$ cat model-v6.cif   # mmCIF, C-alpha atoms, pLDDT in the B column; chains and numbers go by the auth columns
data_protein
#
loop_
_atom_site.group_PDB
_atom_site.id
_atom_site.type_symbol
_atom_site.label_atom_id
_atom_site.label_comp_id
_atom_site.label_asym_id
_atom_site.label_seq_id
_atom_site.Cartn_x
_atom_site.Cartn_y
_atom_site.Cartn_z
_atom_site.B_iso_or_equiv
_atom_site.auth_seq_id
_atom_site.auth_asym_id
ATOM 1 C CA PRO A 1 0.000 0.000 0.000 39.00 1 A
ATOM 2 C CA ALA A 2 1.053 3.559 -0.622 46.00 2 A
ATOM 3 C CA LEU A 3 2.273 5.404 2.441 47.00 3 A
ATOM 4 C CA PRO A 4 0.183 8.449 3.414 47.00 4 A
ATOM 5 C CA ILE A 5 1.547 11.910 2.755 48.00 5 A
ATOM 6 C CA ALA A 6 1.737 13.698 6.074 51.00 6 A
ATOM 7 C CA PRO A 7 0.048 17.101 6.191 54.00 7 A
ATOM 8 C CA ALA A 8 2.415 20.043 6.277 54.00 8 A
ATOM 9 C CA PRO A 9 3.101 21.376 9.786 52.00 9 A
ATOM 10 C CA ARG A 10 1.051 24.430 10.664 53.00 10 A
ATOM 11 C CA ARG A 11 2.965 27.655 10.135 59.00 11 A
ATOM 12 C CA ASP A 12 1.999 28.925 13.577 72.00 12 A
ATOM 13 C CA MET A 13 3.244 25.819 15.380 82.00 13 A
ATOM 14 C CA ILE A 14 2.424 26.236 19.060 89.00 14 A
ATOM 15 C CA THR A 15 5.144 25.780 21.654 89.00 15 A
ATOM 16 C CA PHE A 16 5.063 26.192 25.398 92.00 16 A
ATOM 17 C CA ARG A 17 7.927 25.557 27.775 90.00 17 A
ATOM 18 C CA CYS A 18 8.335 25.676 31.512 93.00 18 A
ATOM 19 C CA SER A 19 10.798 24.656 34.188 93.00 19 A
ATOM 20 C CA LEU A 20 9.857 21.853 36.556 94.00 20 A
ATOM 21 C CA GLY A 21 11.363 23.892 39.376 93.00 21 A
ATOM 22 C CA ASP A 22 13.694 22.689 42.098 93.00 22 A
ATOM 23 C CA THR A 23 11.076 20.812 44.122 94.00 23 A
ATOM 24 C CA ARG A 24 9.624 18.774 41.242 95.00 24 A
ATOM 25 C CA ALA A 25 13.057 18.131 39.722 94.00 25 A
ATOM 26 C CA SER A 26 14.344 16.832 43.043 94.00 26 A
ATOM 27 C CA SER A 27 11.229 14.674 43.435 94.00 27 A
ATOM 28 C CA VAL A 28 11.520 12.942 40.048 94.00 28 A
ATOM 29 C CA ARG A 29 15.253 12.409 40.469 95.00 29 A
ATOM 30 C CA THR A 30 14.750 10.898 43.914 95.00 30 A
ATOM 31 C CA MET A 31 11.986 8.605 42.689 94.00 31 A
ATOM 32 C CA ALA A 32 14.080 7.468 39.725 95.00 32 A
ATOM 33 C CA GLN A 33 16.997 6.738 42.041 95.00 33 A
ATOM 34 C CA ASP A 34 14.798 4.862 44.528 95.00 34 A
ATOM 35 C CA LEU A 35 13.393 2.690 41.723 94.00 35 A
ATOM 36 C CA GLY A 36 16.808 2.172 40.149 95.00 36 A
ATOM 37 C CA LEU A 37 15.613 3.676 36.858 95.00 37 A
ATOM 38 C CA PRO A 38 17.002 6.318 34.492 94.00 38 A
ATOM 39 C CA LEU A 39 15.407 9.752 34.745 95.00 39 A
ATOM 40 C CA ARG A 40 14.347 9.321 31.102 95.00 40 A
ATOM 41 C CA THR A 41 12.208 6.290 31.960 95.00 41 A
ATOM 42 C CA LEU A 42 10.470 8.064 34.821 96.00 42 A
ATOM 43 C CA LEU A 43 9.605 11.025 32.575 96.00 43 A
ATOM 44 C CA LEU A 44 8.323 8.645 29.896 96.00 44 A
ATOM 45 C CA GLY A 45 5.990 7.306 32.586 94.00 45 A
ATOM 46 C CA VAL A 46 4.832 10.856 33.338 94.00 46 A
ATOM 47 C CA HIS A 47 4.103 11.302 29.632 94.00 47 A
ATOM 48 C CA PHE A 48 1.988 8.134 29.427 92.00 48 A
ATOM 49 C CA GLN A 49 0.086 8.946 32.624 90.00 49 A
ATOM 50 C CA THR A 50 -0.648 12.455 31.350 90.00 50 A
ATOM 51 C CA LEU A 51 -2.001 11.132 28.050 87.00 51 A
ATOM 52 C CA ALA A 52 -4.320 8.826 30.000 83.00 52 A
ATOM 53 C CA GLY A 53 -5.841 11.783 31.861 74.00 53 A
ATOM 54 C CA ASP A 54 -9.180 13.285 30.876 58.00 54 A
ATOM 55 C CA LEU A 55 -7.737 16.684 29.979 56.00 55 A
ATOM 56 C CA VAL A 56 -5.145 15.456 27.480 57.00 56 A
ATOM 57 C CA SER A 57 -6.782 12.222 26.292 53.00 57 A
ATOM 58 C CA SER A 58 -8.123 13.972 23.185 58.00 58 A
ATOM 59 C CA VAL A 59 -4.535 14.462 22.001 62.00 59 A
ATOM 60 C CA ALA A 60 -4.181 10.715 21.533 54.00 60 A
ATOM 61 C CA SER A 61 -7.840 9.829 21.078 57.00 61 A
ATOM 62 C CA LYS A 62 -7.245 6.813 18.820 60.00 62 A
ATOM 63 C CA ARG A 63 -4.416 5.071 20.682 64.00 63 A
ATOM 64 C CA PRO A 64 -3.678 6.748 24.038 63.00 64 A
ATOM 65 C CA ASN A 65 -1.523 3.781 25.101 83.00 65 A
ATOM 66 C CA VAL A 66 0.906 4.315 22.180 88.00 66 A
ATOM 67 C CA THR A 67 3.326 7.179 21.719 91.00 67 A
ATOM 68 C CA GLY A 68 6.272 7.903 19.480 90.00 68 A
ATOM 69 C CA TYR A 69 9.666 7.645 21.174 91.00 69 A
ATOM 70 C CA VAL A 70 12.597 9.625 19.780 89.00 70 A
ATOM 71 C CA ALA A 71 15.645 7.361 20.165 86.00 71 A
ATOM 72 C CA ASN A 72 19.345 7.893 19.654 80.00 72 A
ATOM 73 C CA ILE A 73 20.608 5.578 16.901 72.00 73 A
ATOM 74 C CA ARG A 74 24.239 6.674 16.666 74.00 74 A
ATOM 75 C CA PRO A 75 26.192 3.504 15.749 70.00 75 A
ATOM 76 C CA ASP A 76 27.973 1.747 18.590 74.00 76 A
ATOM 77 C CA MET A 77 31.368 1.557 16.924 71.00 77 A
ATOM 78 C CA THR A 78 34.798 3.136 17.081 74.00 78 A
ATOM 79 C CA GLY A 79 34.792 6.700 15.788 68.00 79 A
ATOM 80 C CA ALA A 80 31.004 7.012 15.726 62.00 80 A
ATOM 81 C CA ASP A 81 31.154 9.819 18.299 66.00 81 A
ATOM 82 C CA GLU A 82 33.009 11.935 15.718 66.00 82 A
ATOM 83 C CA ALA A 83 30.481 11.372 12.917 67.00 83 A
ATOM 84 C CA LEU A 84 28.279 14.314 11.966 65.00 84 A
ATOM 85 C CA GLY A 85 24.525 13.786 11.845 63.00 85 A
ATOM 86 C CA MET A 86 21.382 13.714 13.961 69.00 86 A
ATOM 87 C CA PHE A 87 21.192 9.929 14.398 72.00 87 A
ATOM 88 C CA LEU A 88 17.589 10.019 15.634 80.00 88 A
ATOM 89 C CA ASN A 89 14.678 7.704 14.948 81.00 89 A
ATOM 90 C CA ALA A 90 11.068 7.924 16.142 85.00 90 A
ATOM 91 C CA LEU A 91 9.181 4.668 16.605 89.00 91 A
ATOM 92 C CA PRO A 92 6.001 3.669 18.462 89.00 92 A
ATOM 93 C CA ILE A 93 6.246 2.376 22.022 91.00 93 A
ATOM 94 C CA VAL A 94 3.286 0.800 23.836 90.00 94 A
ATOM 95 C CA CYS A 95 2.377 1.551 27.446 88.00 95 A
ATOM 96 C CA PRO A 96 2.494 -1.752 29.442 84.00 96 A
ATOM 97 C CA ASP A 97 -0.994 -1.438 30.995 78.00 97 A
ATOM 98 C CA ASP A 98 -3.236 1.057 32.745 71.00 98 A
ATOM 99 C CA ASP A 99 -3.059 -0.475 36.243 77.00 99 A
ATOM 100 C CA LEU A 100 -1.485 2.310 38.299 79.00 100 A
ATOM 101 C CA SER A 101 -2.411 0.864 41.699 81.00 101 A
ATOM 102 C CA ASN A 102 1.300 0.263 42.299 88.00 102 A
ATOM 103 C CA ILE A 103 3.322 3.005 40.588 89.00 103 A
ATOM 104 C CA GLY A 104 6.660 1.377 41.375 90.00 104 A
ATOM 105 C CA ARG A 105 5.664 -1.920 39.795 91.00 105 A
ATOM 106 C CA TRP A 106 4.145 -0.128 36.789 92.00 106 A
ATOM 107 C CA MET A 107 7.353 1.857 36.271 94.00 107 A
ATOM 108 C CA GLN A 108 9.410 -1.345 36.354 94.00 108 A
ATOM 109 C CA LYS A 109 7.138 -2.819 33.655 94.00 109 A
ATOM 110 C CA LEU A 110 7.602 0.335 31.610 94.00 110 A
ATOM 111 C CA ALA A 111 11.382 0.019 31.974 94.00 111 A
ATOM 112 C CA GLU A 112 11.196 -3.512 30.564 94.00 112 A
ATOM 113 C CA VAL A 113 9.081 -2.307 27.629 94.00 113 A
ATOM 114 C CA GLU A 114 11.540 0.522 27.007 93.00 114 A
ATOM 115 C CA ALA A 115 14.516 -1.870 27.064 93.00 115 A
ATOM 116 C CA ASP A 116 12.834 -4.091 24.447 92.00 116 A
ATOM 117 C CA PHE A 117 12.023 -1.017 22.384 90.00 117 A
ATOM 118 C CA LEU A 118 15.592 0.299 22.464 90.00 118 A
ATOM 119 C CA ALA A 119 16.897 -3.072 21.286 88.00 119 A
ATOM 120 C CA ASN A 120 14.891 -2.531 18.075 87.00 120 A
ATOM 121 C CA ARG A 121 15.379 1.222 17.718 87.00 121 A
ATOM 122 C CA PHE A 122 17.244 0.918 14.402 85.00 122 A
ATOM 123 C CA MET A 123 14.152 -0.282 12.501 85.00 123 A
ATOM 124 C CA PRO A 124 13.241 2.392 9.916 84.00 124 A
ATOM 125 C CA LEU A 125 9.933 4.129 10.572 83.00 125 A
ATOM 126 C CA PRO A 126 8.823 3.636 6.909 83.00 126 A
ATOM 127 C CA ASP A 127 9.049 -0.130 7.490 87.00 127 A
ATOM 128 C CA VAL A 128 6.819 0.189 10.555 85.00 128 A
ATOM 129 C CA LEU A 129 4.307 2.259 8.580 84.00 129 A
ATOM 130 C CA PHE A 130 4.343 -0.290 5.758 85.00 130 A
ATOM 131 C CA HIS A 131 3.509 -3.146 8.142 83.00 131 A
ATOM 132 C CA ALA A 132 0.751 -0.976 9.638 82.00 132 A
ATOM 133 C CA GLY A 133 -0.907 -0.749 6.237 83.00 133 A
ATOM 134 C CA GLY A 134 0.264 2.795 5.678 78.00 134 A
ATOM 135 C CA ASN A 135 -1.688 4.128 8.675 80.00 135 A
ATOM 136 C CA PRO A 136 -0.111 6.521 11.193 80.00 136 A
ATOM 137 C CA VAL A 137 1.188 4.541 14.175 84.00 137 A
ATOM 138 C CA PHE A 138 1.235 7.300 16.796 86.00 138 A
ATOM 139 C CA GLU A 139 -0.356 10.690 17.390 87.00 139 A
ATOM 140 C CA THR A 140 2.012 11.915 20.083 90.00 140 A
ATOM 141 C CA ALA A 141 5.742 11.708 20.660 92.00 141 A
ATOM 142 C CA PHE A 142 8.133 11.759 23.621 94.00 142 A
ATOM 143 C CA ASN A 143 11.708 12.996 23.637 94.00 143 A
ATOM 144 C CA PHE A 144 14.308 13.314 26.373 93.00 144 A
ATOM 145 C CA VAL A 145 17.296 15.578 25.812 87.00 145 A
ATOM 146 C CA HIS A 146 20.330 15.552 28.068 78.00 146 A
ATOM 147 C CA PHE A 147 23.546 16.923 26.594 65.00 147 A
ATOM 148 C CA HIS A 148 25.655 15.492 29.401 56.00 148 A
ATOM 149 C CA ASN A 149 28.657 15.304 27.067 56.00 149 A
ATOM 150 C CA TYR A 150 28.960 19.076 27.318 55.00 150 A
ATOM 151 C CA ARG A 151 29.446 18.792 31.077 56.00 151 A
ATOM 152 C CA THR A 152 31.949 15.949 30.674 56.00 152 A
ATOM 153 C CA GLY A 153 33.888 17.702 27.929 51.00 153 A
ATOM 154 C CA LEU A 154 34.015 21.174 29.445 53.00 154 A
ATOM 155 C CA GLY A 155 34.540 20.126 33.046 54.00 155 A
ATOM 156 C CA GLN A 156 35.382 23.221 35.068 53.00 156 A
ATOM 157 C CA ASP A 157 34.880 25.354 31.950 57.00 157 A
ATOM 158 C CA MET A 158 31.077 25.046 32.084 54.00 158 A
ATOM 159 C CA ASN A 159 31.000 28.831 32.580 60.00 159 A
ATOM 160 C CA LEU A 160 31.844 29.078 28.883 61.00 160 A
ATOM 161 C CA ILE A 161 28.156 28.235 28.277 60.00 161 A
ATOM 162 C CA GLN A 162 26.261 31.438 28.910 63.00 162 A
ATOM 163 C CA ASN A 163 22.801 30.270 27.921 62.00 163 A
ATOM 164 C CA VAL A 164 20.968 27.280 26.428 60.00 164 A
ATOM 165 C CA ASP A 165 17.973 27.921 24.177 62.00 165 A
ATOM 166 C CA VAL A 166 16.327 25.011 22.360 59.00 166 A
ATOM 167 C CA PHE A 167 14.559 25.824 19.074 59.00 167 A
ATOM 168 C CA GLU A 168 12.154 23.013 18.208 61.00 168 A
ATOM 169 C CA ARG A 169 10.246 22.331 14.998 64.00 169 A
ATOM 170 C CA THR A 170 8.578 18.993 14.358 66.00 170 A
ATOM 171 C CA ASP A 171 6.110 17.270 12.058 71.00 171 A
ATOM 172 C CA PHE A 172 4.636 15.263 14.951 80.00 172 A
ATOM 173 C CA PRO A 173 1.051 16.254 15.779 87.00 173 A
ATOM 174 C CA PHE A 174 2.033 16.622 19.442 91.00 174 A
ATOM 175 C CA LEU A 175 5.473 16.396 21.081 91.00 175 A
ATOM 176 C CA ALA A 176 6.401 16.390 24.759 94.00 176 A
ATOM 177 C CA GLN A 177 10.103 16.975 25.284 94.00 177 A
ATOM 178 C CA PHE A 178 11.875 16.933 28.624 95.00 178 A
ATOM 179 C CA GLY A 179 15.377 18.370 28.714 91.00 179 A
ATOM 180 C CA VAL A 180 18.159 18.751 31.258 89.00 180 A
ATOM 181 C CA ASP A 181 20.164 21.975 31.079 82.00 181 A
ATOM 182 C CA PRO A 182 23.850 20.959 30.873 76.00 182 A
ATOM 183 C CA LYS A 183 24.925 23.939 32.950 74.00 183 A
ATOM 184 C CA SER A 184 22.271 24.386 35.647 78.00 184 A
ATOM 185 C CA ASP A 185 20.969 20.768 35.680 83.00 185 A
ATOM 186 C CA GLU A 186 17.467 22.264 35.560 89.00 186 A
ATOM 187 C CA ILE A 187 14.733 20.067 34.043 93.00 187 A
ATOM 188 C CA GLU A 188 12.510 21.731 31.470 94.00 188 A
ATOM 189 C CA LEU A 189 9.315 20.612 29.749 95.00 189 A
ATOM 190 C CA LEU A 190 8.604 21.730 26.186 93.00 190 A
ATOM 191 C CA LEU A 191 5.304 20.970 24.451 94.00 191 A
ATOM 192 C CA VAL A 192 4.962 21.433 20.694 91.00 192 A
ATOM 193 C CA SER A 193 1.610 21.126 18.898 90.00 193 A
ATOM 194 C CA ASN A 194 0.922 20.953 15.175 87.00 194 A
ATOM 195 C CA ARG A 195 -2.758 20.222 15.733 85.00 195 A
ATOM 196 C CA PRO A 196 -5.090 22.807 14.143 84.00 196 A
ATOM 197 C CA GLU A 197 -7.528 22.660 17.069 85.00 197 A
ATOM 198 C CA ASP A 198 -4.939 23.648 19.675 86.00 198 A
ATOM 199 C CA THR A 199 -4.356 27.149 21.004 88.00 199 A
ATOM 200 C CA LYS A 200 -1.634 28.608 23.203 90.00 200 A
ATOM 201 C CA ASP A 201 -3.954 28.508 26.221 92.00 201 A
ATOM 202 C CA ARG A 202 -4.908 24.904 25.556 90.00 202 A
ATOM 203 C CA VAL A 203 -1.280 23.786 25.283 91.00 203 A
ATOM 204 C CA LYS A 204 -0.516 25.715 28.472 92.00 204 A
ATOM 205 C CA LYS A 205 -3.243 23.686 30.220 91.00 205 A
ATOM 206 C CA PHE A 206 -1.646 20.491 28.896 91.00 206 A
ATOM 207 C CA THR A 207 1.631 21.630 30.462 92.00 207 A
ATOM 208 C CA GLN A 208 -0.034 22.084 33.825 93.00 208 A
ATOM 209 C CA HIS A 209 -1.454 18.571 33.603 92.00 209 A
ATOM 210 C CA TYR A 210 2.065 17.165 33.140 94.00 210 A
ATOM 211 C CA LEU A 211 3.129 19.065 36.253 94.00 211 A
ATOM 212 C CA ASP A 212 0.095 17.775 38.166 93.00 212 A
ATOM 213 C CA VAL A 213 1.059 14.184 37.315 92.00 213 A
ATOM 214 C CA ILE A 214 4.553 14.807 38.691 92.00 214 A
ATOM 215 C CA ASP A 215 3.071 16.291 41.862 86.00 215 A
#
$ encode --input "model-v6.cif" --output "structure tokens"
Amino acid sequence: PALPIAPAPRRDMITFRCSLGDTRASSVRTMAQDLGLPLRTLLLGVHFQTLAGDLVSSVASKRPNVTGYVANIRPDMTGADEALGMFLNALPIVCPDDDLSNIGRWMQKLAEVEADFLANRFMPLPDVLFHAGGNPVFETAFNFVHFHNYRTGLGQDMNLIQNVDVFERTDFPFLAQFGVDPKSDEIELLLVSNRPEDTKDRVKKFTQHYLDVID
């Protein structure tokens, strides 16, 4: 079957960003440490739980238990760290279940799902779409950005970085991106919407729902 032609992103793509703040950032880091999980996995869990909520469920109305996951696919080989390129791939990942009666156990299940996903992260998205009959396989996407190599490479010279400003454009209908500032270690949430029905105020409300889930 012919693959669908994605609609062009809206020219007035809506973005809204906010800091988690010291209290929330400390809370998610502590929980991740207590569970023995990467911060990325915990924030993926926040993303899934937010999509399951009444306020944001319309964003992923067809498949709220599936989201796109932006994965690093830089080759694991000598010299790959010097290669130029983005080395990113976005593939669907499925939420393990909706039983949140034990958050710790649910997060461990999610970590297992994520590990299986990452083992197959090199599969081209067009192949996934082909096997799905040409139908879109996710309506939302999750990304986690942590440029920790800057901190490792600069060491005591981190003061050379005066400011970090992320400029995001995407063809995903809806993207939730968490990022860690390499200088301040602050955690930031950025939401990007290409959906014609969304407004700045609506996306701002989505942001608050993510924060409520963390709380």
$ closest_residue --input "model-v6.cif" --among "A:Val66, A:Leu88, A:Val128, A:His146" --to "Glu186 (chain A)" --atoms "all atoms listed in the file"
A:His146
$ atom_distance --input "model-v6.cif" --atom1 "CA of Cys18 (chain A)" --atom2 "CA of Lys205 (chain A)"
11.8 Å
$ atom_distance --input "model-v6.cif" --atom1 "CA of Asp12 (chain A)" --atom2 "CA of Ala71 (chain A)"
26.4 Å
$ residues_near_point --input "model-v6.cif" --point "(10.3, 4.5, 11.6)" --cutoff "12 Å" --atoms "only C-alpha atoms" --output "list in words"
Gly68, Tyr69, Val70, Ala71, Ile73, Leu88, Asn89, Ala90, Leu91, Pro92, Ile93, Asn120, Arg121, Phe122, Met123, Pro124, Leu125, Pro126, Asp127, Val128, Leu129, Phe130, His131, Ala132, Gly134, Pro136, Val137 and Phe138 of chain A
$ residues_around --input "model-v6.cif" --residues "region 20-25 of chain A" --least-positions-apart "3" --cutoff "10 Å" --atoms "all atoms listed in the file" --output "list in words"
Arg17, Val28, Arg29, Thr30, Phe178, Val180, Asp185, Glu186, Ile187, Glu188, Leu189, Tyr210, Leu211, Ile214 and Asp215 of chain A
$ atom_distance --input "model-v6.cif" --atom1 "CA of Thr67 (chain A)" --atom2 "CA of Phe117 (chain A)"
12.0 Å
$ resolve_selection --input "model-v6.cif" --expression "the PyMOL selection byres ((chain A and resi 110) around 12)" --output "PDB file with C-alpha atoms, in the coordinates of the input"
ATOM      1  CA  LEU A  35      13.393   2.690  41.723  1.00 94.00           C
ATOM      2  CA  LEU A  37      15.613   3.676  36.858  1.00 95.00           C
ATOM      3  CA  PRO A  38      17.002   6.318  34.492  1.00 94.00           C
ATOM      4  CA  ARG A  40      14.347   9.321  31.102  1.00 95.00           C
ATOM      5  CA  THR A  41      12.208   6.290  31.960  1.00 95.00           C
ATOM      6  CA  LEU A  42      10.470   8.064  34.821  1.00 96.00           C
ATOM      7  CA  LEU A  43       9.605  11.025  32.575  1.00 96.00           C
ATOM      8  CA  LEU A  44       8.323   8.645  29.896  1.00 96.00           C
ATOM      9  CA  GLY A  45       5.990   7.306  32.586  1.00 94.00           C
ATOM     10  CA  VAL A  46       4.832  10.856  33.338  1.00 94.00           C
ATOM     11  CA  HIS A  47       4.103  11.302  29.632  1.00 94.00           C
ATOM     12  CA  PHE A  48       1.988   8.134  29.427  1.00 92.00           C
ATOM     13  CA  GLN A  49       0.086   8.946  32.624  1.00 90.00           C
ATOM     14  CA  ASN A  65      -1.523   3.781  25.101  1.00 83.00           C
ATOM     15  CA  ILE A  93       6.246   2.376  22.022  1.00 91.00           C
ATOM     16  CA  VAL A  94       3.286   0.800  23.836  1.00 90.00           C
ATOM     17  CA  CYS A  95       2.377   1.551  27.446  1.00 88.00           C
ATOM     18  CA  PRO A  96       2.494  -1.752  29.442  1.00 84.00           C
ATOM     19  CA  ASP A  97      -0.994  -1.438  30.995  1.00 78.00           C
ATOM     20  CA  ASP A  98      -3.236   1.057  32.745  1.00 71.00           C
ATOM     21  CA  ASP A  99      -3.059  -0.475  36.243  1.00 77.00           C
ATOM     22  CA  LEU A 100      -1.485   2.310  38.299  1.00 79.00           C
ATOM     23  CA  ILE A 103       3.322   3.005  40.588  1.00 89.00           C
ATOM     24  CA  GLY A 104       6.660   1.377  41.375  1.00 90.00           C
ATOM     25  CA  ARG A 105       5.664  -1.920  39.795  1.00 91.00           C
ATOM     26  CA  TRP A 106       4.145  -0.128  36.789  1.00 92.00           C
ATOM     27  CA  MET A 107       7.353   1.857  36.271  1.00 94.00           C
ATOM     28  CA  GLN A 108       9.410  -1.345  36.354  1.00 94.00           C
ATOM     29  CA  LYS A 109       7.138  -2.819  33.655  1.00 94.00           C
ATOM     30  CA  ALA A 111      11.382   0.019  31.974  1.00 94.00           C
ATOM     31  CA  GLU A 112      11.196  -3.512  30.564  1.00 94.00           C
ATOM     32  CA  VAL A 113       9.081  -2.307  27.629  1.00 94.00           C
ATOM     33  CA  GLU A 114      11.540   0.522  27.007  1.00 93.00           C
ATOM     34  CA  ALA A 115      14.516  -1.870  27.064  1.00 93.00           C
ATOM     35  CA  ASP A 116      12.834  -4.091  24.447  1.00 92.00           C
ATOM     36  CA  PHE A 117      12.023  -1.017  22.384  1.00 90.00           C
TER      37      PHE A 117
END
$ closest_residue --input "model-v6.cif" --among "A:Leu118, A:Asp181, A:Val192, A:Ser26" --to "Thr207 (chain A)" --atoms "all atoms listed in the file"
A:Val192
$ closest_residue --input "model-v6.cif" --among "A:Ser19, A:Thr50, A:Ser101, A:Ser193" --to "Phe174 (chain A)" --atoms "all atoms listed in the file"
A:Ser193
$ closest_residue --input "model-v6.cif" --among "A:Asp34, A:Phe16, A:Asn143, A:Lys183" --to "Asp201 (chain A)" --atoms "all atoms listed in the file"
A:Phe16
$ axis_aligned_box --input "model-v6.cif" --around "region 175-193 of chain A" --padding-each-side "4 Å" --output "JSON"
{"center_x": 13.3, "center_y": 20.4, "center_z": 27.3, "size_x": 31.3, "size_y": 16.0, "size_z": 24.8}
$ closest_residue --input "model-v6.cif" --among "A:Gly179, A:Pro173, A:Gly53, A:Pro75" --to "Glu197 (chain A)" --atoms "only C-alpha atoms"
A:Pro173
